[in-house]
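What follows is the content of query.cif, which has mmCIF, C-alpha atoms:
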```
data_model
#
loop_
_atom_site.label_atom_id
_atom_site.label_comp_id
_atom_site.auth_asym_id
_atom_site.auth_seq_id
_atom_site.Cartn_x
_atom_site.Cartn_y
_atom_site.Cartn_z
CA MET A 1 -33.49 16.33 10.61
CA ARG A 2 -30.20 17.56 12.00
CA ASN A 3 -27.25 15.43 13.08
CA GLY A 4 -24.59 17.36 14.95
CA GLY A 5 -25.69 20.51 13.11
CA TRP A 6 -25.56 18.68 9.76
CA THR A 7 -28.55 18.05 7.50
CA ASN A 8 -29.37 14.33 7.13
CA ARG A 9 -28.01 14.03 3.62
CA ASN A 10 -29.01 10.39 3.25
CA ASP A 11 -32.62 11.50 3.27
CA PRO A 12 -33.75 11.36 -0.41
CA LEU A 13 -36.18 14.22 0.25
CA VAL A 14 -33.33 16.55 1.13
CA LYS A 15 -31.93 18.36 -1.88
CA ARG A 16 -28.23 19.11 -1.54
CA PRO A 17 -26.86 22.29 -3.05
CA ALA A 18 -23.94 21.86 -5.42
CA PRO A 19 -20.58 22.43 -3.67
CA SER A 20 -19.28 25.94 -4.28
CA PRO A 21 -15.56 26.77 -4.09
CA ARG A 22 -14.04 29.42 -1.84
CA ILE A 23 -10.53 30.64 -1.12
CA VAL A 24 -10.05 31.16 2.61
CA SER A 25 -7.34 33.68 3.48
CA GLU A 26 -7.69 33.42 7.27
CA PHE A 27 -7.96 30.05 8.97
CA SER A 28 -9.44 31.73 12.03
CA SER A 29 -12.57 32.38 9.95
CA ILE A 30 -13.30 28.63 10.07
CA ASP A 31 -15.64 27.82 12.94
CA PRO A 32 -14.00 25.20 15.22
CA ARG A 33 -17.33 23.38 15.41
CA ALA A 34 -17.46 23.09 11.61
CA TRP A 35 -13.81 21.98 11.58
CA LYS A 36 -14.56 19.12 13.99
CA GLU A 37 -17.08 17.74 11.49
CA LEU A 38 -14.29 17.15 8.97
CA GLU A 39 -12.35 13.88 8.93
CA HIS A 40 -8.75 14.49 9.96
CA ALA A 41 -7.95 11.09 11.53
CA ASP A 42 -7.31 12.69 14.94
CA ASN A 43 -4.05 14.00 13.45
CA PRO A 44 -2.80 16.73 15.83
CA PHE A 45 -1.17 18.63 12.96
CA LEU A 46 -4.61 19.07 11.41
CA SER A 47 -6.18 20.31 14.62
CA HIS A 48 -7.87 23.69 14.54
CA GLU A 49 -5.58 24.69 17.40
CA LEU A 50 -2.36 24.06 15.47
CA LEU A 51 -3.40 25.51 12.11
CA SER A 52 -4.92 28.61 13.67
CA GLY A 53 -1.96 28.89 16.04
CA LEU A 54 0.46 29.14 13.12
CA GLU A 55 -1.45 32.16 11.81
CA ASP A 56 -2.17 33.74 15.19
CA SER A 57 1.55 33.65 16.13
CA ASP A 58 2.58 35.05 12.72
CA CYS A 59 4.57 31.91 11.87
CA VAL A 60 2.75 31.98 8.53
CA GLY A 61 1.46 35.00 6.67
CA GLY A 62 3.14 38.40 6.51
CA ASN A 63 6.66 38.13 5.11
CA THR A 64 7.18 34.44 5.99
CA GLY A 65 6.64 33.25 2.42
CA TRP A 66 3.64 31.19 3.58
CA GLN A 67 0.52 33.12 2.60
CA PRO A 68 -2.71 31.34 3.62
CA HIS A 69 -4.67 30.43 0.50
CA HIS A 70 -6.85 27.61 1.77
CA LEU A 71 -9.12 25.69 -0.60
CA ALA A 72 -12.66 25.08 0.61
CA LEU A 73 -15.95 23.72 -0.66
CA TYR A 74 -19.28 24.77 0.84
CA GLU A 75 -22.81 23.53 0.37
CA GLY A 76 -24.81 26.58 1.19
CA ASP A 77 -23.27 27.78 4.45
CA GLU A 78 -21.97 24.33 5.42
CA LEU A 79 -18.24 23.60 5.14
CA VAL A 80 -17.99 20.20 3.43
CA ALA A 81 -14.36 20.02 2.27
CA PHE A 82 -11.09 21.81 3.00
CA ALA A 83 -7.43 21.60 1.98
CA PRO A 84 -4.88 23.55 4.11
CA THR A 85 -3.09 25.47 1.38
CA TYR A 86 -0.54 28.27 1.09
CA ALA A 87 0.84 30.51 -1.64
CA LYS A 88 4.60 29.98 -1.35
CA ALA A 89 7.36 32.45 -2.22
CA HIS A 90 10.09 29.85 -1.57
CA SER A 91 10.48 26.13 -0.84
CA HIS A 92 11.64 26.27 2.78
CA GLY A 93 9.90 24.19 5.43
CA GLU A 94 8.35 21.65 3.05
CA PHE A 95 10.55 18.50 3.26
CA VAL A 96 9.62 17.52 -0.30
CA PHE A 97 12.47 19.09 -2.16
CA ASP A 98 11.85 20.90 -5.45
CA TRP A 99 14.79 23.31 -5.43
CA ALA A 100 16.13 21.80 -8.66
CA TRP A 101 12.77 22.39 -10.34
CA ALA A 102 12.81 26.03 -9.25
CA ASP A 103 16.37 26.41 -10.50
CA ALA A 104 15.44 24.96 -13.89
CA PHE A 105 12.58 27.44 -14.21
CA HIS A 106 14.92 30.29 -13.29
CA ARG A 107 17.55 29.24 -15.85
CA HIS A 108 14.86 29.38 -18.53
CA ASN A 109 13.71 32.87 -17.40
CA LEU A 110 10.45 31.50 -16.00
CA ALA A 111 8.98 32.24 -12.59
CA TYR A 112 8.56 29.23 -10.31
CA TYR A 113 7.32 31.33 -7.39
CA PRO A 114 4.69 31.92 -6.29
CA LYS A 115 3.52 28.34 -6.23
CA LEU A 116 0.57 26.73 -4.44
CA LEU A 117 1.18 24.18 -1.69
CA THR A 118 -1.27 21.98 0.21
CA ALA A 119 0.51 20.88 3.37
CA VAL A 120 0.97 21.54 7.07
CA PRO A 121 3.70 24.20 7.34
CA TYR A 122 7.11 23.03 8.56
CA THR A 123 5.79 19.50 9.12
CA PRO A 124 6.93 16.29 7.37
CA VAL A 125 4.00 14.22 8.65
CA THR A 126 1.63 12.18 6.49
CA GLY A 127 -2.08 12.82 7.00
CA PRO A 128 -5.31 13.81 5.26
CA ARG A 129 -4.87 16.75 2.92
CA LEU A 130 -8.28 16.72 1.20
CA LEU A 131 -10.50 16.87 4.25
CA THR A 132 -14.19 16.03 3.82
CA HIS A 133 -17.23 16.11 6.08
CA ARG A 134 -17.46 12.86 7.98
CA ASP A 135 -21.16 12.33 7.12
CA HIS A 136 -21.12 13.40 3.48
CA PRO A 137 -22.34 10.69 1.05
CA ASP A 138 -19.91 11.66 -1.73
CA LYS A 139 -16.51 12.07 -0.11
CA ALA A 140 -14.71 10.94 -3.26
CA GLY A 141 -16.50 13.63 -5.24
CA LEU A 142 -15.52 16.28 -2.70
CA ARG A 143 -11.86 15.26 -2.87
CA GLN A 144 -11.99 15.44 -6.65
CA GLY A 145 -13.60 18.86 -6.30
CA LEU A 146 -10.70 20.11 -4.21
CA VAL A 147 -8.19 18.82 -6.76
CA LYS A 148 -10.12 20.55 -9.53
CA LEU A 149 -10.20 23.77 -7.51
CA ALA A 150 -6.42 23.66 -6.94
CA ILE A 151 -5.68 23.26 -10.64
CA GLU A 152 -8.17 25.96 -11.60
CA GLU A 153 -6.66 28.28 -9.00
CA CYS A 154 -3.21 27.83 -10.57
CA GLU A 155 -4.64 28.93 -13.90
CA ARG A 156 -6.70 31.77 -12.44
CA ALA A 157 -4.05 33.25 -10.14
CA GLY A 158 -0.98 32.40 -12.20
CA PHE A 159 0.72 29.96 -9.84
CA SER A 160 3.40 27.94 -11.61
CA SER A 161 2.38 24.74 -9.88
CA TRP A 162 0.41 23.04 -7.13
CA HIS A 163 1.98 20.61 -4.71
CA CYS A 164 0.20 18.32 -2.26
CA ASN A 165 2.69 16.90 0.23
CA PHE A 166 2.67 13.98 2.68
CA VAL A 167 -0.60 12.62 1.38
CA SER A 168 -2.66 9.91 3.07
CA ALA A 169 -3.61 6.72 1.23
CA ALA A 170 -7.25 7.80 0.99
CA ASP A 171 -6.33 11.10 -0.65
CA SER A 172 -3.91 9.40 -3.06
CA GLN A 173 -6.81 7.88 -4.96
CA ALA A 174 -8.25 11.31 -5.78
CA LEU A 175 -4.81 12.62 -6.73
CA LYS A 176 -3.95 9.87 -9.20
CA THR A 177 -5.05 11.83 -12.26
CA PRO A 178 -3.33 12.44 -15.62
CA GLU A 179 -2.69 16.09 -14.70
CA LEU A 180 -0.73 15.27 -11.54
CA LEU A 181 2.76 13.86 -11.11
CA ALA A 182 3.25 11.32 -8.31
CA ARG A 183 6.37 11.33 -6.17
CA SER A 184 7.44 9.21 -3.19
CA ASP A 185 10.19 9.07 -0.59
CA TRP A 186 11.04 7.21 2.61
CA GLN A 187 10.84 8.08 6.28
CA PHE A 188 11.75 5.92 9.26
CA HIS A 189 8.96 4.84 11.63
CA TRP A 190 8.95 2.58 14.69
CA ARG A 191 6.05 0.15 15.04
CA ASN A 192 4.72 -1.31 18.25
CA THR A 193 4.05 -5.01 17.70
CA GLY A 194 2.62 -5.47 21.17
CA TYR A 195 5.80 -5.11 23.20
CA ALA A 196 5.30 -5.57 26.93
CA SER A 197 8.36 -3.48 27.84
CA PHE A 198 11.45 -1.81 26.39
CA GLU A 199 13.34 -4.99 27.25
CA ASP A 200 10.82 -6.95 25.19
CA PHE A 201 11.56 -4.62 22.25
CA LEU A 202 15.30 -5.10 22.74
CA ASN A 203 14.86 -8.85 22.65
CA SER A 204 13.41 -8.55 19.13
CA LEU A 205 16.70 -7.07 17.89
CA GLN A 206 19.87 -8.67 16.69
CA SER A 207 22.45 -9.08 19.46
CA ARG A 208 24.84 -6.42 18.15
CA LYS A 209 22.08 -3.81 17.78
CA ARG A 210 20.68 -4.63 21.20
CA LYS A 211 24.08 -4.25 22.85
CA ASN A 212 24.66 -0.91 21.13
CA ILE A 213 21.38 0.52 22.44
CA LEU A 214 22.11 -0.75 25.94
CA ARG A 215 25.57 0.82 25.80
CA GLU A 216 24.11 4.18 24.73
CA ARG A 217 21.51 4.10 27.49
CA ARG A 218 24.05 3.13 30.14
CA GLY A 219 26.23 6.07 29.11
CA VAL A 220 23.37 8.50 29.60
CA ALA A 221 22.44 6.93 32.93
CA ALA A 222 26.06 7.14 34.08
CA ALA A 223 25.97 10.89 33.42
CA GLY A 224 23.38 11.13 36.19
CA LEU A 225 20.51 12.27 33.97
CA ARG A 226 16.86 11.70 34.71
CA PHE A 227 13.91 12.22 32.38
CA GLU A 228 10.62 13.92 33.11
CA TRP A 229 7.55 13.97 30.87
CA LYS A 230 5.03 16.79 30.98
CA THR A 231 1.88 17.51 29.02
CA GLY A 232 0.86 20.86 27.63
CA ALA A 233 -1.42 21.27 30.66
CA GLU A 234 1.56 20.84 32.98
CA VAL A 235 4.27 23.03 31.44
CA ASP A 236 4.76 26.57 32.69
CA ALA A 237 6.22 29.70 31.10
CA ALA A 238 9.75 28.74 32.15
CA ASP A 239 9.35 25.35 30.50
CA ILE A 240 8.15 26.97 27.27
CA GLY A 241 11.09 29.33 27.32
CA PHE A 242 13.50 26.42 27.70
CA ILE A 243 11.77 24.43 24.92
CA TYR A 244 12.11 27.41 22.60
CA ARG A 245 15.77 27.86 23.56
CA CYS A 246 16.45 24.21 22.70
CA TYR A 247 14.50 24.45 19.44
CA THR A 248 16.35 27.52 18.20
CA GLY A 249 19.68 26.14 19.36
CA THR A 250 19.27 23.07 17.16
CA PHE A 251 18.47 25.18 14.12
CA ASP A 252 21.35 27.57 14.82
CA ALA A 253 23.78 24.66 15.18
CA HIS A 254 22.91 23.46 11.68
CA GLY A 255 22.86 26.93 10.12
CA ASN A 256 19.11 26.88 9.56
CA HIS A 257 16.36 29.41 10.25
CA ALA A 258 13.98 28.66 13.15
CA ALA A 259 10.59 29.49 11.65
CA LEU A 260 8.47 29.00 14.78
CA ASN A 261 8.39 31.43 17.69
CA GLU A 262 7.89 31.14 21.43
CA ALA A 263 4.28 32.33 21.21
CA PHE A 264 3.47 29.42 18.90
CA PHE A 265 4.86 26.87 21.38
CA ALA A 266 3.01 28.50 24.27
CA GLY A 267 -0.27 28.46 22.40
CA LEU A 268 0.22 24.91 21.18
CA ALA A 269 0.91 23.59 24.68
CA ARG A 270 -2.06 25.46 26.10
CA ASN A 271 -4.53 24.48 23.38
CA LEU A 272 -3.46 20.91 22.62
CA SER A 273 -3.05 20.13 26.33
CA GLU A 274 -2.71 16.32 26.69
CA ARG A 275 -1.79 15.92 23.02
CA PHE A 276 1.30 18.10 23.52
CA LEU A 277 4.14 16.29 25.28
CA VAL A 278 7.67 17.23 26.23
CA CYS A 279 10.40 15.03 27.64
CA PHE A 280 12.95 16.99 29.69
CA ALA A 281 16.42 15.66 30.46
CA ARG A 282 17.55 16.93 33.84
CA SER A 283 20.93 17.00 35.54
CA ALA A 284 20.80 17.85 39.26
CA ASP A 285 17.22 19.11 38.69
CA GLU A 286 18.37 21.50 35.97
CA ALA A 287 16.93 20.97 32.49
CA ILE A 288 19.64 20.41 29.88
CA ALA A 289 17.58 19.03 26.97
CA ALA A 290 14.01 18.80 25.70
CA SER A 291 12.19 16.76 23.09
CA VAL A 292 8.72 17.86 21.99
CA PHE A 293 6.16 15.30 20.84
CA LEU A 294 2.55 15.41 19.67
CA ARG A 295 0.17 12.46 19.86
CA GLY A 296 -3.07 11.47 18.19
CA GLY A 297 -4.64 8.86 15.93
CA GLY A 298 -2.65 6.04 17.52
CA ARG A 299 0.69 7.72 16.76
CA LEU A 300 3.39 9.59 18.58
CA TYR A 301 5.19 12.27 16.58
CA GLY A 302 8.64 13.44 17.55
CA ARG A 303 9.01 17.03 16.37
CA TYR A 304 11.61 19.24 18.05
CA TRP A 305 14.74 18.40 19.99
CA GLY A 306 17.54 20.46 21.48
CA CYS A 307 20.00 20.63 24.34
CA VAL A 308 22.16 23.15 26.15
CA GLN A 309 24.77 20.59 27.18
CA ASN A 310 26.17 17.93 24.87
CA ILE A 311 26.35 14.47 26.41
CA PRO A 312 27.12 11.37 24.30
CA GLY A 313 23.95 9.44 23.53
CA LEU A 314 21.60 12.11 24.90
CA HIS A 315 19.95 12.80 21.55
CA PHE A 316 19.19 9.13 20.98
CA GLU A 317 17.81 8.75 24.49
CA ALA A 318 15.64 11.87 24.58
CA ALA A 319 14.40 11.81 20.99
CA TYR A 320 14.11 8.04 20.32
CA TYR A 321 14.34 5.68 23.30
CA GLN A 322 12.15 7.76 25.60
CA GLY A 323 9.58 7.97 22.80
CA ILE A 324 9.67 4.20 22.24
CA GLU A 325 9.17 3.59 25.97
CA TYR A 326 6.27 6.03 25.99
CA CYS A 327 4.60 4.21 23.09
CA ILE A 328 5.01 0.82 24.76
CA HIS A 329 3.68 2.08 28.09
CA HIS A 330 0.67 3.83 26.51
CA GLY A 331 -0.13 1.30 23.79
CA ILE A 332 0.62 3.65 20.88
CA ASP A 333 0.97 1.85 17.55
CA VAL A 334 3.46 3.99 15.60
CA PHE A 335 6.24 6.41 16.48
CA GLU A 336 7.21 8.89 13.76
CA SER A 337 10.39 10.65 14.78
CA GLY A 338 10.67 13.16 11.93
CA ALA A 339 12.20 13.34 8.47
CA GLN A 340 15.31 11.58 7.18
CA GLY A 341 17.89 9.85 9.37
CA GLU A 342 19.36 6.52 8.28
CA HIS A 343 20.90 6.23 11.76
CA LYS A 344 17.38 5.50 13.04
CA ILE A 345 17.42 2.04 11.42
CA ALA A 346 19.89 0.66 13.97
CA ARG A 347 17.50 1.88 16.68
CA GLY A 348 14.41 0.06 15.44
CA PHE A 349 12.95 2.44 12.84
CA LEU A 350 12.21 1.02 9.38
CA PRO A 351 11.47 2.75 6.05
CA CYS A 352 7.90 3.84 5.39
CA LYS A 353 6.77 5.39 2.10
CA THR A 354 5.62 9.01 1.90
CA ARG A 355 3.71 10.41 -1.08
CA SER A 356 3.27 13.75 -2.76
CA PHE A 357 1.52 14.90 -5.95
CA HIS A 358 2.40 17.81 -8.21
CA PHE A 359 0.68 19.81 -10.94
CA VAL A 360 3.03 21.84 -13.17
CA ARG A 361 1.34 24.26 -15.54
CA HIS A 362 4.15 24.46 -18.09
CA PRO A 363 3.69 21.40 -20.37
CA ALA A 364 7.36 20.95 -21.29
CA PHE A 365 8.51 21.20 -17.69
CA SER A 366 5.74 18.87 -16.58
CA SER A 367 6.93 16.28 -19.10
CA ALA A 368 10.58 16.67 -18.07
CA ILE A 369 9.75 16.37 -14.37
CA ALA A 370 7.62 13.29 -15.05
CA ASP A 371 10.61 11.65 -16.73
CA PHE A 372 12.83 12.53 -13.77
CA LEU A 373 10.29 11.18 -11.25
CA ALA A 374 10.04 7.86 -13.10
CA ARG A 375 13.82 7.41 -12.84
CA GLU A 376 13.87 8.64 -9.24
CA SER A 377 11.18 6.11 -8.30
CA VAL A 378 13.34 3.19 -9.44
CA TRP A 379 16.28 4.52 -7.44
CA LEU A 380 14.13 4.99 -4.35
CA ASP A 381 12.83 1.41 -4.52
CA ASP A 382 16.42 0.15 -4.76
CA TYR A 383 17.33 2.39 -1.83
CA ARG A 384 14.53 0.89 0.29
CA ASP A 385 15.69 -2.64 -0.52
CA GLU A 386 19.21 -1.71 0.51
CA LEU A 387 17.97 -0.17 3.77
CA LEU A 388 16.05 -3.31 4.66
CA GLN A 389 19.24 -5.31 4.36
CA HIS A 390 20.33 -3.42 7.48
CA SER A 391 17.19 -4.14 9.51
CA PRO A 392 18.13 -4.47 13.19
CA TYR A 393 15.44 -7.07 13.86
CA ARG A 394 16.15 -10.75 14.26
CA ARG A 395 15.09 -12.78 11.27
CA PRO A 396 12.59 -15.53 12.01
CA GLU A 397 14.10 -19.00 12.05
CA SER A 398 13.24 -21.04 8.97
#
```
The structure given in the file should be rewritten as structure tokens.
Amino acid sequence: MRNGGWTNRNDPLVKRPAPSPRIVSEFSSIDPRAWKELEHADNPFLSHELLSGLEDSDCVGGNTGWQPHHLALYEGDELVAFAPTYAKAHSHGEFVFDWAWADAFHRHNLAYYPKLLTAVPYTPVTGPRLLTHRDHPDKAGLRQGLVKLAIEECERAGFSSWHCNFVSAADSQALKTPELLARSDWQFHWRNTGYASFEDFLNSLQSRKRKNILRERRGVAAAGLRFEWKTGAEVDAADIGFIYRCYTGTFDAHGNHAALNEAFFAGLARNLSERFLVCFARSADEAIAASVFLRGGGRLYGRYWGCVQNIPGLHFEAAYYQGIEYCIHHGIDVFESGAQGEHKIARGFLPCKTRSFHFVRHPAFSSAIADFLARESVWLDDYRDELLQHSPYRRPES
């Protein structure tokens, strides 16, 4: 029997071939129909459109320092497991910082690069990293197979290390092995507890925090700004050009390199359609700011923000408050507004743990890093406790 093009593997009469490993150097070689059979939790960053778009627009590959080196398992000709993976020549665009590790290698005349990284390029968003076929009876075994393949590939190809960043809870179980070092950090997420309106959300906050948000919003309104949301199906070439201008302007203002290009944004809007969203801030019908969001799996993801005119409070309105209102109006459970940012706490975002796992081939360095991570973990737990002391939400009456 066939089920969506997949052999009925629960049938005891069907003999399954043993999974065989492959290294995939071009994501475009993966059939979109086969990709849809993998479990990726409706995460837009794991869509075929986004991952192929990064390669098609030359945002990875070439001289970017992100060389596609995807890990895959096949049973016969059937794709059963996949980990989006890249050979890295640097540590830019990862958001799990290992610069000190690279420096220590260098000071001991050892090469840290190239290294192997399983992640979505330029994206600090948690999601599945060890993707398995949704109907496979041994998903745990497939995840373990991908981990084994990653470690073997480090040995075979001479990578100093393998890193698996922003890992989902399901994948964490397969990654908790003696060979791998666990690391965690904190992001700030907003959660929808069933708010009926933005005012309802404000009423859940302490008075001082509520008044601060209202003051910021009034300031933006007094500047005469209005906000317009468009989907990827609705934006035109001029909109994409403005989005790209805002994106690069933000990176330039902070002295950073903008790794994505205009072709990537155009393709993403076109191919993700309703899952691609942009909120424009307009003054007298002229766009002065844009915030780009993706949605999927019950979450809204704030990704890129920029403006061509600085107005007090505009960043908070366009990147945070508009997103919160969107989530309330559309019944979206969680709003992830990007990496870092303690200032988000006062605006309703609370710490949420992120996880990564690391294999370091050099035994002495692996031991030293493990010791560092143990100490870092204690500090990070203390940091979370301190952050929660500043929660903006009203405490329930005892």
Residues of stretch 112-214 of chain A that approach stretch 15-27 of chain A to 9 Å or less, counting all atoms listed in the file: could you list each one with the shortest pair of atoms and its distance in Å to one decimal, rows by chain and increasing residue number, as a tab-separated table?
```
residue	atom	partner	partner_atom	distance
A:Leu142	CA	A:Pro19	CA	8.0
A:Gly145	CA	A:Pro19	CA	8.3
A:Leu146	CA	A:Pro21	CA	8.2
A:Leu149	CA	A:Pro21	CA	7.0
```
Practice prompt. Counting all atoms listed in the file, figure out which residue out of A:Gly232, A:Gly194, A:Pro84, A:Gly267 gets nearest to A:Cys164.
Written response: A:Pro84
Discussion item. Please list as a PyMOL selection string every residue within 12 Å of A:Gly348, counting all atoms listed in the file and excluding residues in the same chain fewer than 6 positions away.
Written reply: chain A and resi 188-193+198+201-206+209-210+212-213+316+320-321+323-324+334-337+342+388+390-394
Discussion item. Here's the selection I'm unsure about, the PyMOL selection byres ((chain A and resi 368-377) around 9); applied to the file above, which residues does it give, as a PyMOL selection string?
Written reply: chain A and resi 101+181-185+360+363-367+378-382
Worksheet item: When the PyMOL selection byres ((chain A and resi 46) around 10) is applied to the file above, which residues end up in the set, as a list in words?
Response: Trp35, Glu39, His40, Ala41, Asp42, Asn43, Pro44, Phe45, Ser47, His48, Glu49, Leu50, Leu51, Ser52, Pro84, Ala119, Val120, Gly127, Pro128, Arg129 and Leu131 of chain A
Item to complete: Go ahead and compute the interatomic distance for atom CA of A:Ala72 and atom CA of A:Leu294, in Å to one decimal.
Response: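 Those two atoms sit 26.2 Å apart.
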Practice prompt. Mind giving me the straight-line distance from atom CA of A:Asp236 to atom CA of A:Val278 in Å, one decimal?
Written response: 11.7 Å
Discussion item. Under the rule that all atoms listed in the file are counted, which of A:Ala339, A:Ala89, A:Leu71, A:Ala104 is the nearest residue to A:Glu153?
Written reply: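 Distance minimum relative to A:Glu153 lands on A:Leu71.
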Edge lengths and centre in Å to one decimal, as AutoDock Vina command-line options, of the axis-aligned box that encloses all listed atoms of stretch 309-318 of chain A with 6 Å added on every side?
```
--center_x 21.4 --center_y 14.7 --center_z 24.1 --size_x 23.5 --size_y 23.8 --size_z 18.2
```
For stretch 287-309 of chain A against stretch 237-245 of chain A, with a cut-off of 9 Å and counting all atoms listed in the file, what is the closest atom pair and its distance in Å to one decimal for every residue that makes the cut, ordered by chain and number, as a tab-separated table?
```
residue	atom	partner	partner_atom	distance
A:Ala287	CA	A:Phe242	CA	8.0
A:Ile288	CA	A:Phe242	CA	8.9
A:Ala289	CA	A:Ile243	CA	8.2
A:Ala290	CA	A:Ile243	CA	6.1
A:Ser291	CA	A:Ile243	CA	7.9
A:Val292	CA	A:Ile243	CA	7.8
A:Tyr304	CA	A:Ile243	CA	8.6
A:Trp305	CA	A:Ile243	CA	8.3
A:Gly306	CA	A:Ile243	CA	7.8
A:Cys307	CA	A:Arg245	CA	8.4
A:Val308	CA	A:Arg245	CA	8.4
```
Dump as a short mmCIF file (atom, residue, chain, number, x, y, z; two decimals), keeping the file's coordinate frame, selection limited to C-alpha atoms:
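As written to disk, part27.cif reads:
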```cif
data_model
loop_
_atom_site.label_atom_id
_atom_site.label_comp_id
_atom_site.auth_asym_id
_atom_site.auth_seq_id
_atom_site.Cartn_x
_atom_site.Cartn_y
_atom_site.Cartn_z
CA ALA A 287 16.93 20.97 32.49
CA ILE A 288 19.64 20.41 29.88
CA ALA A 289 17.58 19.03 26.97
CA ALA A 290 14.01 18.80 25.70
CA SER A 291 12.19 16.76 23.09
CA VAL A 292 8.72 17.86 21.99
CA TYR A 304 11.61 19.24 18.05
CA TRP A 305 14.74 18.40 19.99
CA GLY A 306 17.54 20.46 21.48
CA CYS A 307 20.00 20.63 24.34
CA VAL A 308 22.16 23.15 26.15
#
```
Complete stretch 85-99 of chain A with N, CA and C atoms (output as a CSV table (one decimal), in the coordinates of the input).
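That gives us result-v4.csv:
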```csv
chain,number,residue,atom,x,y,z
A,85,THR,N,-3.9,25.1,2.6
A,85,THR,CA,-3.1,25.5,1.4
A,85,THR,C,-2.5,26.9,1.5
A,86,TYR,N,-1.3,27.0,0.9
A,86,TYR,CA,-0.5,28.3,1.1
A,86,TYR,C,0.1,28.7,-0.2
A,87,ALA,N,0.1,30.0,-0.5
A,87,ALA,CA,0.8,30.5,-1.6
A,87,ALA,C,2.3,30.7,-1.1
A,88,LYS,N,3.2,30.0,-1.8
A,88,LYS,CA,4.6,30.0,-1.4
A,88,LYS,C,5.5,30.9,-2.2
A,89,ALA,N,6.4,31.6,-1.5
A,89,ALA,CA,7.4,32.4,-2.2
A,89,ALA,C,8.7,31.8,-2.2
A,90,HIS,N,8.8,30.6,-1.6
A,90,HIS,CA,10.1,29.8,-1.6
A,90,HIS,C,9.7,28.4,-1.3
A,91,SER,N,10.7,27.5,-1.1
A,91,SER,CA,10.5,26.1,-0.8
A,91,SER,C,11.0,25.7,0.5
A,92,HIS,N,11.2,26.6,1.4
A,92,HIS,CA,11.6,26.3,2.8
A,92,HIS,C,10.5,25.6,3.6
A,93,GLY,N,10.9,24.7,4.5
A,93,GLY,CA,9.9,24.2,5.4
A,93,GLY,C,8.9,23.2,4.8
A,94,GLU,N,9.3,22.5,3.7
A,94,GLU,CA,8.4,21.6,3.0
A,94,GLU,C,8.7,20.2,3.2
A,95,PHE,N,10.0,19.9,3.1
A,95,PHE,CA,10.6,18.5,3.3
A,95,PHE,C,10.3,17.6,2.1
A,96,VAL,N,9.7,18.2,1.0
A,96,VAL,CA,9.6,17.5,-0.3
A,96,VAL,C,10.3,18.5,-1.2
A,97,PHE,N,11.5,18.1,-1.6
A,97,PHE,CA,12.5,19.1,-2.2
A,97,PHE,C,12.3,19.3,-3.7
A,98,ASP,N,12.0,20.5,-4.0
A,98,ASP,CA,11.8,20.9,-5.4
A,98,ASP,C,12.8,22.1,-5.8
A,99,TRP,N,13.9,22.2,-5.1
A,99,TRP,CA,14.8,23.3,-5.4
A,99,TRP,C,15.3,23.2,-6.8
```
